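A.B. asks: Take a look at structure.csv, CSV, N, CA and C atoms:
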chain,number,residue,atom,x,y,z
A,1,MET,N,-34.1,-82.8,25.4
A,1,MET,CA,-33.9,-83.9,26.3
A,1,MET,C,-32.4,-84.3,26.3
A,2,ILE,N,-32.0,-84.6,27.5
A,2,ILE,CA,-30.6,-85.0,27.7
A,2,ILE,C,-30.5,-86.5,27.4
A,3,LYS,N,-29.5,-86.9,26.6
A,3,LYS,CA,-29.3,-88.3,26.3
A,3,LYS,C,-28.2,-88.9,27.2
A,4,SER,N,-28.4,-90.1,27.6
A,4,SER,CA,-27.5,-90.8,28.5
A,4,SER,C,-26.1,-90.9,28.0
A,5,ASN,N,-25.9,-90.9,26.7
A,5,ASN,CA,-24.5,-91.0,26.1
A,5,ASN,C,-23.8,-89.7,26.1
A,6,GLY,N,-24.5,-88.6,26.5
A,6,GLY,CA,-23.8,-87.3,26.6
A,6,GLY,C,-23.4,-87.0,28.1
A,7,LEU,N,-23.6,-88.0,29.0
A,7,LEU,CA,-23.4,-87.7,30.4
A,7,LEU,C,-22.3,-88.6,30.9
A,8,ARG,N,-21.7,-88.2,32.0
A,8,ARG,CA,-20.7,-88.9,32.7
A,8,ARG,C,-21.0,-88.9,34.2
A,9,ILE,N,-20.5,-89.8,34.9
A,9,ILE,CA,-20.5,-89.8,36.4
A,9,ILE,C,-19.8,-88.5,36.8
A,10,GLY,N,-20.3,-87.7,37.7
A,10,GLY,CA,-19.7,-86.5,38.1
A,10,GLY,C,-20.3,-85.2,37.5
A,11,ASN,N,-21.1,-85.4,36.4
A,11,ASN,CA,-21.8,-84.3,35.8
A,11,ASN,C,-22.8,-83.7,36.7
A,12,TYR,N,-23.0,-82.4,36.6
A,12,TYR,CA,-24.0,-81.7,37.4
A,12,TYR,C,-25.2,-81.4,36.5
A,13,LEU,N,-26.4,-81.6,37.0
A,13,LEU,CA,-27.7,-81.3,36.4
A,13,LEU,C,-28.6,-80.6,37.3
A,14,ASP,N,-29.7,-80.1,36.7
A,14,ASP,CA,-30.7,-79.4,37.4
A,14,ASP,C,-32.0,-80.3,37.5
A,15,PHE,N,-32.5,-80.4,38.6
A,15,PHE,CA,-33.8,-81.2,38.8
A,15,PHE,C,-34.7,-80.3,39.6
A,16,GLY,N,-35.6,-79.6,38.9
A,16,GLY,CA,-36.6,-78.8,39.6
A,16,GLY,C,-35.9,-77.7,40.4
A,17,SER,N,-34.9,-77.0,39.9
A,17,SER,CA,-34.2,-76.0,40.6
A,17,SER,C,-33.3,-76.5,41.7
A,18,ARG,N,-33.1,-77.8,41.7
A,18,ARG,CA,-32.1,-78.4,42.7
A,18,ARG,C,-30.9,-78.9,41.9
A,19,ILE,N,-29.7,-78.6,42.3
A,19,ILE,CA,-28.5,-79.0,41.7
A,19,ILE,C,-28.2,-80.4,42.2
A,20,CYS,N,-27.8,-81.3,41.3
A,20,CYS,CA,-27.4,-82.7,41.7
A,20,CYS,C,-26.3,-83.1,40.9
A,21,ILE,N,-25.6,-84.1,41.4
A,21,ILE,CA,-24.4,-84.7,40.7
A,21,ILE,C,-24.7,-86.1,40.4
A,22,ILE,N,-24.3,-86.6,39.2
A,22,ILE,CA,-24.6,-87.9,38.8
A,22,ILE,C,-23.7,-88.9,39.5
A,23,GLU,N,-24.3,-89.9,40.0
A,23,GLU,CA,-23.5,-91.0,40.7
A,23,GLU,C,-23.5,-92.3,39.8
A,24,ALA,N,-24.5,-92.6,39.0
A,24,ALA,CA,-24.6,-93.7,38.2
A,24,ALA,C,-25.5,-93.4,37.0
A,25,ILE,N,-25.3,-94.2,35.9
A,25,ILE,CA,-26.1,-93.9,34.7
A,25,ILE,C,-26.6,-95.2,34.1
A,26,ASP,N,-27.8,-95.3,33.6
A,26,ASP,CA,-28.2,-96.4,32.7
A,26,ASP,C,-29.1,-95.8,31.6
A,27,LYS,N,-29.7,-96.6,30.7
A,27,LYS,CA,-30.4,-96.0,29.6
A,27,LYS,C,-31.7,-95.3,29.9
A,28,GLN,N,-32.2,-95.6,31.1
A,28,GLN,CA,-33.5,-95.0,31.5
A,28,GLN,C,-33.3,-93.8,32.4
A,29,GLY,N,-32.3,-93.8,33.2
A,29,GLY,CA,-32.2,-92.7,34.2
A,29,GLY,C,-30.8,-92.7,34.8
A,30,VAL,N,-30.7,-91.8,35.8
A,30,VAL,CA,-29.5,-91.7,36.5
A,30,VAL,C,-29.7,-91.7,38.0
A,31,GLU,N,-28.7,-92.1,38.7
A,31,GLU,CA,-28.7,-92.0,40.2
A,31,GLU,C,-28.0,-90.7,40.5
A,32,VAL,N,-28.6,-89.8,41.2
A,32,VAL,CA,-28.0,-88.5,41.5
A,32,VAL,C,-27.9,-88.4,43.0
A,33,LYS,N,-27.0,-87.5,43.4
A,33,LYS,CA,-26.9,-87.0,44.8
A,33,LYS,C,-27.2,-85.5,44.8
A,34,PHE,N,-28.2,-85.1,45.6
A,34,PHE,CA,-28.6,-83.7,45.7
A,34,PHE,C,-27.6,-83.0,46.5
A,35,LEU,N,-27.2,-81.8,46.0
A,35,LEU,CA,-26.2,-81.0,46.8
A,35,LEU,C,-26.8,-80.4,48.0
A,36,ASP,N,-28.1,-80.1,48.0
A,36,ASP,CA,-28.7,-79.4,49.2
A,36,ASP,C,-28.9,-80.3,50.4
A,37,ASN,N,-29.0,-81.6,50.2
A,37,ASN,CA,-29.2,-82.4,51.4
A,37,ASN,C,-28.5,-83.8,51.4
A,38,GLY,N,-27.8,-84.1,50.3
A,38,GLY,CA,-27.0,-85.3,50.2
A,38,GLY,C,-27.8,-86.5,49.9
A,39,GLU,N,-29.1,-86.4,49.7
A,39,GLU,CA,-29.9,-87.6,49.4
A,39,GLU,C,-29.6,-88.1,48.0
A,40,GLU,N,-29.7,-89.4,47.8
A,40,GLU,CA,-29.5,-90.1,46.6
A,40,GLU,C,-30.8,-90.7,46.1
A,41,GLU,N,-31.0,-90.6,44.7
A,41,GLU,CA,-32.2,-91.1,44.1
A,41,GLU,C,-32.0,-91.4,42.7
A,42,TRP,N,-32.8,-92.5,42.2
A,42,TRP,CA,-32.8,-92.8,40.7
A,42,TRP,C,-33.9,-92.0,40.1
A,43,ILE,N,-33.6,-91.3,39.0
A,43,ILE,CA,-34.6,-90.4,38.4
A,43,ILE,C,-34.5,-90.6,36.9
A,44,ASP,N,-35.7,-90.6,36.2
A,44,ASP,CA,-35.7,-90.7,34.7
A,44,ASP,C,-35.0,-89.5,34.1
A,45,LEU,N,-34.3,-89.8,33.0
A,45,LEU,CA,-33.5,-88.8,32.4
A,45,LEU,C,-34.3,-87.6,31.8
A,46,TYR,N,-35.5,-87.9,31.4
A,46,TYR,CA,-36.2,-86.8,30.7
A,46,TYR,C,-36.7,-85.7,31.8
A,47,LEU,N,-36.5,-86.0,33.0
A,47,LEU,CA,-36.9,-85.0,34.1
A,47,LEU,C,-35.9,-84.0,34.4
A,48,PHE,N,-34.7,-84.1,33.9
A,48,PHE,CA,-33.6,-83.2,34.2
A,48,PHE,C,-33.5,-82.1,33.2
A,49,THR,N,-33.0,-81.0,33.6
A,49,THR,CA,-32.7,-79.8,32.7
A,49,THR,C,-31.2,-79.6,32.8
A,50,PRO,N,-30.5,-79.4,31.6
A,50,PRO,CA,-29.1,-79.1,31.7
A,50,PRO,C,-28.9,-77.7,32.3
A,51,ILE,N,-27.8,-77.5,32.9
A,51,ILE,CA,-27.4,-76.2,33.5
A,51,ILE,C,-26.8,-75.4,32.5
A,52,PRO,N,-27.4,-74.2,32.1
A,52,PRO,CA,-26.7,-73.4,31.1
A,52,PRO,C,-25.5,-72.8,31.6
A,53,ILE,N,-24.5,-72.5,30.7
A,53,ILE,CA,-23.3,-71.9,31.1
A,53,ILE,C,-23.6,-70.4,31.2
A,54,THR,N,-23.4,-69.8,32.3
A,54,THR,CA,-23.6,-68.4,32.6
A,54,THR,C,-22.3,-67.8,33.2
A,55,LYS,N,-22.3,-66.5,33.4
A,55,LYS,CA,-21.2,-65.9,34.1
A,55,LYS,C,-21.0,-66.5,35.5
A,56,GLU,N,-22.1,-66.7,36.2
A,56,GLU,CA,-22.0,-67.3,37.5
A,56,GLU,C,-21.4,-68.7,37.5
A,57,ILE,N,-21.8,-69.5,36.6
A,57,ILE,CA,-21.3,-70.9,36.5
A,57,ILE,C,-19.8,-70.8,36.2
A,58,LEU,N,-19.4,-70.0,35.2
A,58,LEU,CA,-18.0,-69.9,34.9
A,58,LEU,C,-17.1,-69.5,36.1
A,59,LEU,N,-17.6,-68.6,36.9
A,59,LEU,CA,-16.9,-68.2,38.1
A,59,LEU,C,-16.8,-69.4,39.1
A,60,LYS,N,-17.9,-70.2,39.2
A,60,LYS,CA,-17.9,-71.4,40.1
A,60,LYS,C,-17.0,-72.5,39.6
A,61,CYS,N,-16.6,-72.4,38.3
A,61,CYS,CA,-15.7,-73.4,37.7
A,61,CYS,C,-14.3,-72.9,37.7
A,62,GLY,N,-14.0,-71.8,38.4
A,62,GLY,CA,-12.7,-71.3,38.5
A,62,GLY,C,-12.2,-70.4,37.4
A,63,PHE,N,-13.1,-69.9,36.6
A,63,PHE,CA,-12.7,-68.9,35.6
A,63,PHE,C,-12.5,-67.6,36.2
A,64,SER,N,-11.6,-66.8,35.7
A,64,SER,CA,-11.3,-65.5,36.2
A,64,SER,C,-12.0,-64.5,35.3
A,65,LYS,N,-12.6,-63.5,35.9
A,65,LYS,CA,-13.3,-62.5,35.1
A,65,LYS,C,-12.3,-61.3,34.8
A,66,PHE,N,-12.4,-60.8,33.6
A,66,PHE,CA,-11.6,-59.6,33.3
A,66,PHE,C,-12.5,-58.7,32.4
A,67,LYS,N,-12.2,-57.4,32.4
A,67,LYS,CA,-13.0,-56.5,31.6
A,67,LYS,C,-12.5,-56.5,30.1
A,68,GLY,N,-13.5,-56.8,29.2
A,68,GLY,CA,-13.2,-56.7,27.8
A,68,GLY,C,-13.6,-55.3,27.3
A,69,ASP,N,-13.7,-55.1,26.0
A,69,ASP,CA,-14.0,-53.9,25.4
A,69,ASP,C,-15.4,-53.4,25.8
A,70,ASN,N,-16.4,-54.3,25.7
A,70,ASN,CA,-17.8,-53.9,26.0
A,70,ASN,C,-18.4,-54.7,27.2
A,71,SER,N,-17.8,-55.7,27.7
A,71,SER,CA,-18.4,-56.5,28.7
A,71,SER,C,-17.3,-57.4,29.4
A,72,ASP,N,-17.8,-58.2,30.3
A,72,ASP,CA,-16.8,-59.1,31.0
A,72,ASP,C,-16.5,-60.3,30.2
A,73,CYS,N,-15.2,-60.7,30.3
A,73,CYS,CA,-14.8,-61.9,29.6
A,73,CYS,C,-14.3,-62.9,30.8
A,74,PHE,N,-14.1,-64.1,30.4
A,74,PHE,CA,-13.7,-65.1,31.4
A,74,PHE,C,-12.6,-66.0,30.9
A,75,LEU,N,-11.7,-66.4,31.8
A,75,LEU,CA,-10.5,-67.1,31.4
A,75,LEU,C,-10.2,-68.2,32.4
A,76,ASN,N,-9.9,-69.4,31.9
A,76,ASN,CA,-9.4,-70.5,32.6
A,76,ASN,C,-8.4,-71.2,31.7
A,77,ASP,N,-8.4,-72.5,31.6
A,77,ASP,CA,-7.7,-73.1,30.5
A,77,ASP,C,-8.4,-72.8,29.2
A,78,PHE,N,-9.7,-72.5,29.3
A,78,PHE,CA,-10.6,-72.0,28.2
A,78,PHE,C,-10.7,-70.5,28.3
A,79,GLU,N,-11.1,-69.9,27.2
A,79,GLU,CA,-11.4,-68.5,27.3
A,79,GLU,C,-12.7,-68.3,26.6
A,80,THR,N,-13.5,-67.4,27.1
A,80,THR,CA,-14.8,-67.0,26.4
A,80,THR,C,-14.6,-65.7,25.7
A,81,SER,N,-15.4,-65.6,24.6
A,81,SER,CA,-15.5,-64.2,24.0
A,81,SER,C,-16.3,-63.4,25.0
A,82,CYS,N,-16.2,-62.1,24.9
A,82,CYS,CA,-16.7,-61.2,25.9
A,82,CYS,C,-18.3,-61.2,25.9
A,83,ASN,N,-18.9,-61.7,24.8
A,83,ASN,CA,-20.3,-61.7,24.8
A,83,ASN,C,-20.8,-63.1,25.2
A,84,MET,N,-19.9,-64.0,25.6
A,84,MET,CA,-20.2,-65.4,26.1
A,84,MET,C,-20.8,-66.2,24.9
A,85,GLU,N,-20.6,-65.8,23.7
A,85,GLU,CA,-21.1,-66.6,22.6
A,85,GLU,C,-20.1,-67.7,22.1
A,86,LEU,N,-18.9,-67.4,22.4
A,86,LEU,CA,-17.8,-68.3,21.9
A,86,LEU,C,-17.0,-68.8,23.0
A,87,LEU,N,-16.5,-70.1,22.9
A,87,LEU,CA,-15.6,-70.7,23.8
A,87,LEU,C,-14.3,-71.1,23.0
A,88,PHE,N,-13.2,-70.8,23.6
A,88,PHE,CA,-11.9,-71.1,22.9
A,88,PHE,C,-11.1,-72.0,23.8
A,89,TRP,N,-10.3,-72.9,23.2
A,89,TRP,CA,-9.3,-73.7,23.9
A,89,TRP,C,-8.0,-73.5,23.2
A,90,LYS,N,-7.1,-72.8,23.9
A,90,LYS,CA,-5.8,-72.4,23.3
A,90,LYS,C,-5.9,-71.9,21.9
A,91,GLY,N,-6.8,-70.9,21.8
A,91,GLY,CA,-7.0,-70.2,20.5
A,91,GLY,C,-7.9,-70.9,19.5
A,92,THR,N,-8.3,-72.1,19.7
A,92,THR,CA,-9.2,-72.8,18.8
A,92,THR,C,-10.7,-72.7,19.3
A,93,GLU,N,-11.5,-72.3,18.4
A,93,GLU,CA,-12.9,-72.1,18.8
A,93,GLU,C,-13.6,-73.5,19.0
A,94,ILE,N,-14.3,-73.6,20.1
A,94,ILE,CA,-15.1,-74.8,20.4
A,94,ILE,C,-16.5,-74.5,20.2
A,95,LYS,N,-17.2,-75.3,19.4
A,95,LYS,CA,-18.6,-75.1,19.1
A,95,LYS,C,-19.6,-76.0,19.9
A,96,ASN,N,-20.8,-75.5,20.1
A,96,ASN,CA,-21.9,-76.3,20.7
A,96,ASN,C,-21.7,-76.6,22.1
A,97,ILE,N,-21.0,-75.8,22.9
A,97,ILE,CA,-20.9,-76.0,24.3
A,97,ILE,C,-21.8,-75.0,25.0
A,98,LYS,N,-23.0,-75.4,25.4
A,98,LYS,CA,-23.9,-74.4,26.0
A,98,LYS,C,-24.3,-74.8,27.4
A,99,HIS,N,-23.9,-76.0,27.9
A,99,HIS,CA,-24.3,-76.5,29.2
A,99,HIS,C,-23.2,-76.9,30.0
A,100,LEU,N,-23.3,-76.9,31.3
A,100,LEU,CA,-22.3,-77.2,32.2
A,100,LEU,C,-21.8,-78.6,32.0
A,101,HIS,N,-22.6,-79.6,31.9
A,101,HIS,CA,-22.2,-81.0,31.7
A,101,HIS,C,-21.3,-81.2,30.4
A,102,GLN,N,-21.6,-80.4,29.4
A,102,GLN,CA,-20.8,-80.4,28.2
A,102,GLN,C,-19.4,-79.8,28.4
A,103,LEU,N,-19.4,-78.7,29.2
A,103,LEU,CA,-18.1,-78.1,29.6
A,103,LEU,C,-17.3,-79.1,30.4
A,104,GLN,N,-17.9,-79.8,31.4
A,104,GLN,CA,-17.2,-80.8,32.2
A,104,GLN,C,-16.6,-81.9,31.4
A,105,ASN,N,-17.4,-82.4,30.4
A,105,ASN,CA,-17.0,-83.5,29.6
A,105,ASN,C,-15.8,-83.1,28.7
A,106,LEU,N,-15.9,-81.9,28.1
A,106,LEU,CA,-14.9,-81.4,27.2
A,106,LEU,C,-13.6,-81.1,28.0
A,107,TYR,N,-13.7,-80.5,29.1
A,107,TYR,CA,-12.5,-80.3,30.0
A,107,TYR,C,-11.8,-81.6,30.3
A,108,PHE,N,-12.6,-82.6,30.7
A,108,PHE,CA,-12.0,-83.9,31.0
A,108,PHE,C,-11.3,-84.5,29.8
A,109,ALA,N,-12.0,-84.4,28.7
A,109,ALA,CA,-11.4,-85.0,27.4
A,109,ALA,C,-10.1,-84.4,27.0
A,110,LEU,N,-10.0,-83.0,27.2
A,110,LEU,CA,-8.8,-82.3,26.8
A,110,LEU,C,-7.7,-82.3,27.8
A,111,THR,N,-8.0,-82.4,29.1
A,111,THR,CA,-7.0,-82.3,30.2
A,111,THR,C,-6.8,-83.6,30.9
A,112,GLY,N,-7.7,-84.5,30.9
A,112,GLY,CA,-7.6,-85.7,31.7
A,112,GLY,C,-8.0,-85.5,33.2
A,113,LYS,N,-8.4,-84.3,33.5
A,113,LYS,CA,-8.8,-83.9,34.9
A,113,LYS,C,-10.2,-83.4,34.9
A,114,GLU,N,-10.8,-83.5,36.1
A,114,GLU,CA,-12.1,-82.9,36.3
A,114,GLU,C,-12.0,-81.5,36.6
A,115,ILE,N,-12.9,-80.7,36.0
A,115,ILE,CA,-13.0,-79.3,36.3
A,115,ILE,C,-13.6,-79.1,37.7
A,116,GLU,N,-13.0,-78.3,38.6
A,116,GLU,CA,-13.5,-78.1,39.9
A,116,GLU,C,-14.6,-77.1,39.9
A,117,ILE,N,-15.7,-77.5,40.5
A,117,ILE,CA,-16.9,-76.6,40.5
A,117,ILE,C,-17.3,-76.4,42.0
A,118,LYS,N,-17.4,-75.1,42.4
A,118,LYS,CA,-17.7,-74.8,43.7
A,118,LYS,C,-19.1,-74.3,43.8
A,119,PHE,N,-20.1,-75.2,44.1
A,119,PHE,CA,-21.5,-74.8,44.3
A,119,PHE,C,-21.7,-74.5,45.7
Please, can you express the file's structure as structure tokens?
C.D. replies:
Amino acid sequence: MIKSNGLRIGNYLDFGSRICIIEAIDKQGVEVKFLDNGEEEWIDLYLFTPIPITKEILLKCGFSKFKGDNSDCFLNDFETSCNMELLFWKGTEIKNIKHLHQLQNLYFALTGKEIEIKF
């Protein structure tokens, strides 16, 4: 379950295979705007699924793909290991970042800017 204290306005979540962006947050739920139709709705937090970090998501976040020894690697201000298991920030390994909203929050905390995502 996603906890409200791990979310920020502007985070992306999955709601039944529909991508939405958080507009407002309280302890029970969030107000989201759906990307497919622009509708806004308050929804209980437990109904959302975090968006896993995948190769496709990294490309949508502006990461560049390059060929590693055995597979593709990705680079932005962050760098992934080629097996996508590790994330690095300027050579320092970052742990426990598995979902897009976590990457968004970390990027903002480190840079003071929002990561641009092109869905």
A.B. asks: So how many Å separate atom C of Thr111 in chain A and atom N of Asp36 in chain A, to one decimal?
C.D. replies: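 So the two atoms, atom C of Thr111 in chain A and atom N of Asp36 in chain A, lie 27.5 Å apart.
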A.B. asks: If you count only N, CA and C atoms, which residues fall within 7 Å of range 58-62 of chain A, apart from same-chain ones fewer than 4 positions away, as a ChimeraX atom specification?
C.D. replies: /A:53-54,75-76,115-119
A.B. asks: Suppose we keep N, CA and C atoms; can you now write the selection as a PDB file, keeping the file's coordinate frame?
C.D. replies:
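Listed below is the output, out09.pdb:
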ATOM      1  N   ILE A  53     -24.500 -72.500  30.700  1.00  0.00           N
ATOM      2  CA  ILE A  53     -23.300 -71.900  31.100  1.00  0.00           C
ATOM      3  C   ILE A  53     -23.600 -70.400  31.200  1.00  0.00           C
ATOM      4  N   THR A  54     -23.400 -69.800  32.300  1.00  0.00           N
ATOM      5  CA  THR A  54     -23.600 -68.400  32.600  1.00  0.00           C
ATOM      6  C   THR A  54     -22.300 -67.800  33.200  1.00  0.00           C
ATOM      7  N   LEU A  75     -11.700 -66.400  31.800  1.00  0.00           N
ATOM      8  CA  LEU A  75     -10.500 -67.100  31.400  1.00  0.00           C
ATOM      9  C   LEU A  75     -10.200 -68.200  32.400  1.00  0.00           C
ATOM     10  N   ASN A  76      -9.900 -69.400  31.900  1.00  0.00           N
ATOM     11  CA  ASN A  76      -9.400 -70.500  32.600  1.00  0.00           C
ATOM     12  C   ASN A  76      -8.400 -71.200  31.700  1.00  0.00           C
ATOM     13  N   ILE A 115     -12.900 -80.700  36.000  1.00  0.00           N
ATOM     14  CA  ILE A 115     -13.000 -79.300  36.300  1.00  0.00           C
ATOM     15  C   ILE A 115     -13.600 -79.100  37.700  1.00  0.00           C
ATOM     16  N   GLU A 116     -13.000 -78.300  38.600  1.00  0.00           N
ATOM     17  CA  GLU A 116     -13.500 -78.100  39.900  1.00  0.00           C
ATOM     18  C   GLU A 116     -14.600 -77.100  39.900  1.00  0.00           C
ATOM     19  N   ILE A 117     -15.700 -77.500  40.500  1.00  0.00           N
ATOM     20  CA  ILE A 117     -16.900 -76.600  40.500  1.00  0.00           C
ATOM     21  C   ILE A 117     -17.300 -76.400  42.000  1.00  0.00           C
ATOM     22  N   LYS A 118     -17.400 -75.100  42.400  1.00  0.00           N
ATOM     23  CA  LYS A 118     -17.700 -74.800  43.700  1.00  0.00           C
ATOM     24  C   LYS A 118     -19.100 -74.300  43.800  1.00  0.00           C
ATOM     25  N   PHE A 119     -20.100 -75.200  44.100  1.00  0.00           N
ATOM     26  CA  PHE A 119     -21.500 -74.800  44.300  1.00  0.00           C
ATOM     27  C   PHE A 119     -21.700 -74.500  45.700  1.00  0.00           C
TER      28      PHE A 119
END
A.B. asks: Of the candidates A:Glu93, A:Leu47, A:Ser4, A:Glu40, which one gets nearest to Asp26 in chain A if we count all atoms listed in the file?
C.D. replies: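 Smallest distance to Asp26 in chain A is found for A:Ser4.
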A.B. asks: Under the rule that only C-alpha atoms are counted, which of A:Ile57, A:Ile51, A:Leu103, A:Leu110 is the nearest residue to Ser17 in chain A?
C.D. replies: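 Going through A:Ile57, A:Ile51, A:Leu103, A:Leu110 one by one, the smallest distance to Ser17 in chain A is for A:Ile51.
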A.B. asks: For Glu31 in chain A, which residue among A:Phe78, A:Asp44, A:Lys98, A:Phe108 is the nearest when counting all atoms listed in the file?
C.D. replies: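 For Glu31 in chain A, the nearest of the candidates is A:Asp44.
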A.B. asks: Using the chain letters and numbers from this document, which residues of chain A does DSSP assign to strand (DSSP E), as a VMD selection string?
C.D. replies: chain A and resid 12 to 15 18 to 25 29 to 34 40 to 44 64 to 67 72 to 75 78 to 80 87 to 89 92 to 94
A.B. asks: For Asp14 in chain A, list every protein, DNA or RNA residue within 6 Å, evaluated using only N, CA and C atoms, and leave out those in the same chain fewer than 6 positions away; present the list as a PDB file with N, CA and C atoms, in the frame of the given file.
C.D. replies:
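Okay, this is what ended up in selection-v6.pdb:
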ATOM      1  N   CYS A  20     -27.800 -81.300  41.300  1.00  0.00           N
ATOM      2  CA  CYS A  20     -27.400 -82.700  41.700  1.00  0.00           C
ATOM      3  C   CYS A  20     -26.300 -83.100  40.900  1.00  0.00           C
ATOM      4  N   PHE A  48     -34.700 -84.100  33.900  1.00  0.00           N
ATOM      5  CA  PHE A  48     -33.600 -83.200  34.200  1.00  0.00           C
ATOM      6  C   PHE A  48     -33.500 -82.100  33.200  1.00  0.00           C
ATOM      7  N   THR A  49     -33.000 -81.000  33.600  1.00  0.00           N
ATOM      8  CA  THR A  49     -32.700 -79.800  32.700  1.00  0.00           C
ATOM      9  C   THR A  49     -31.200 -79.600  32.800  1.00  0.00           C
ATOM     10  N   PRO A  50     -30.500 -79.400  31.600  1.00  0.00           N
ATOM     11  CA  PRO A  50     -29.100 -79.100  31.700  1.00  0.00           C
ATOM     12  C   PRO A  50     -28.900 -77.700  32.300  1.00  0.00           C
ATOM     13  N   ILE A  51     -27.800 -77.500  32.900  1.00  0.00           N
ATOM     14  CA  ILE A  51     -27.400 -76.200  33.500  1.00  0.00           C
ATOM     15  C   ILE A  51     -26.800 -75.400  32.500  1.00  0.00           C
TER      16      ILE A  51
END
A.B. asks: Which protein, DNA or RNA residues are at most 10 Å from (-30.1, -91.4, 34.7) in the file's coordinates when you count only C-alpha atoms, listed as a PyMOL selection string?
C.D. replies: chain A and resi 2-4+7-9+22-32+41-48
A.B. asks: Grab the atom N of Tyr12 in chain A to atom C of Thr80 in chain A distance for me, in Å with one decimal place.
C.D. replies: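 These two atoms are separated by 21.6 Å.
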A.B. asks: Can you check which residues of range 31-100 of chain A DSSP gives as alpha helix (DSSP H) on the backbone and send them as a PyMOL selection string?
C.D. replies: chain A and resi 55-60+100
A.B. asks: What does the distance between CA of Pro52 in chain A and CA of Glu114 in chain A come to in Å, to one decimal place?
C.D. replies: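 Distance between the two atoms: 18.2 Å.
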A.B. asks: Calculated over only C-alpha atoms, which of the candidates A:Phe66, A:Lys55, A:Lys33, A:Gln104 has the smallest distance to Glu85 in chain A?
C.D. replies: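 Of A:Phe66, A:Lys55, A:Lys33, A:Gln104, the one nearest Glu85 in chain A is A:Lys55, counting only C-alpha atoms.
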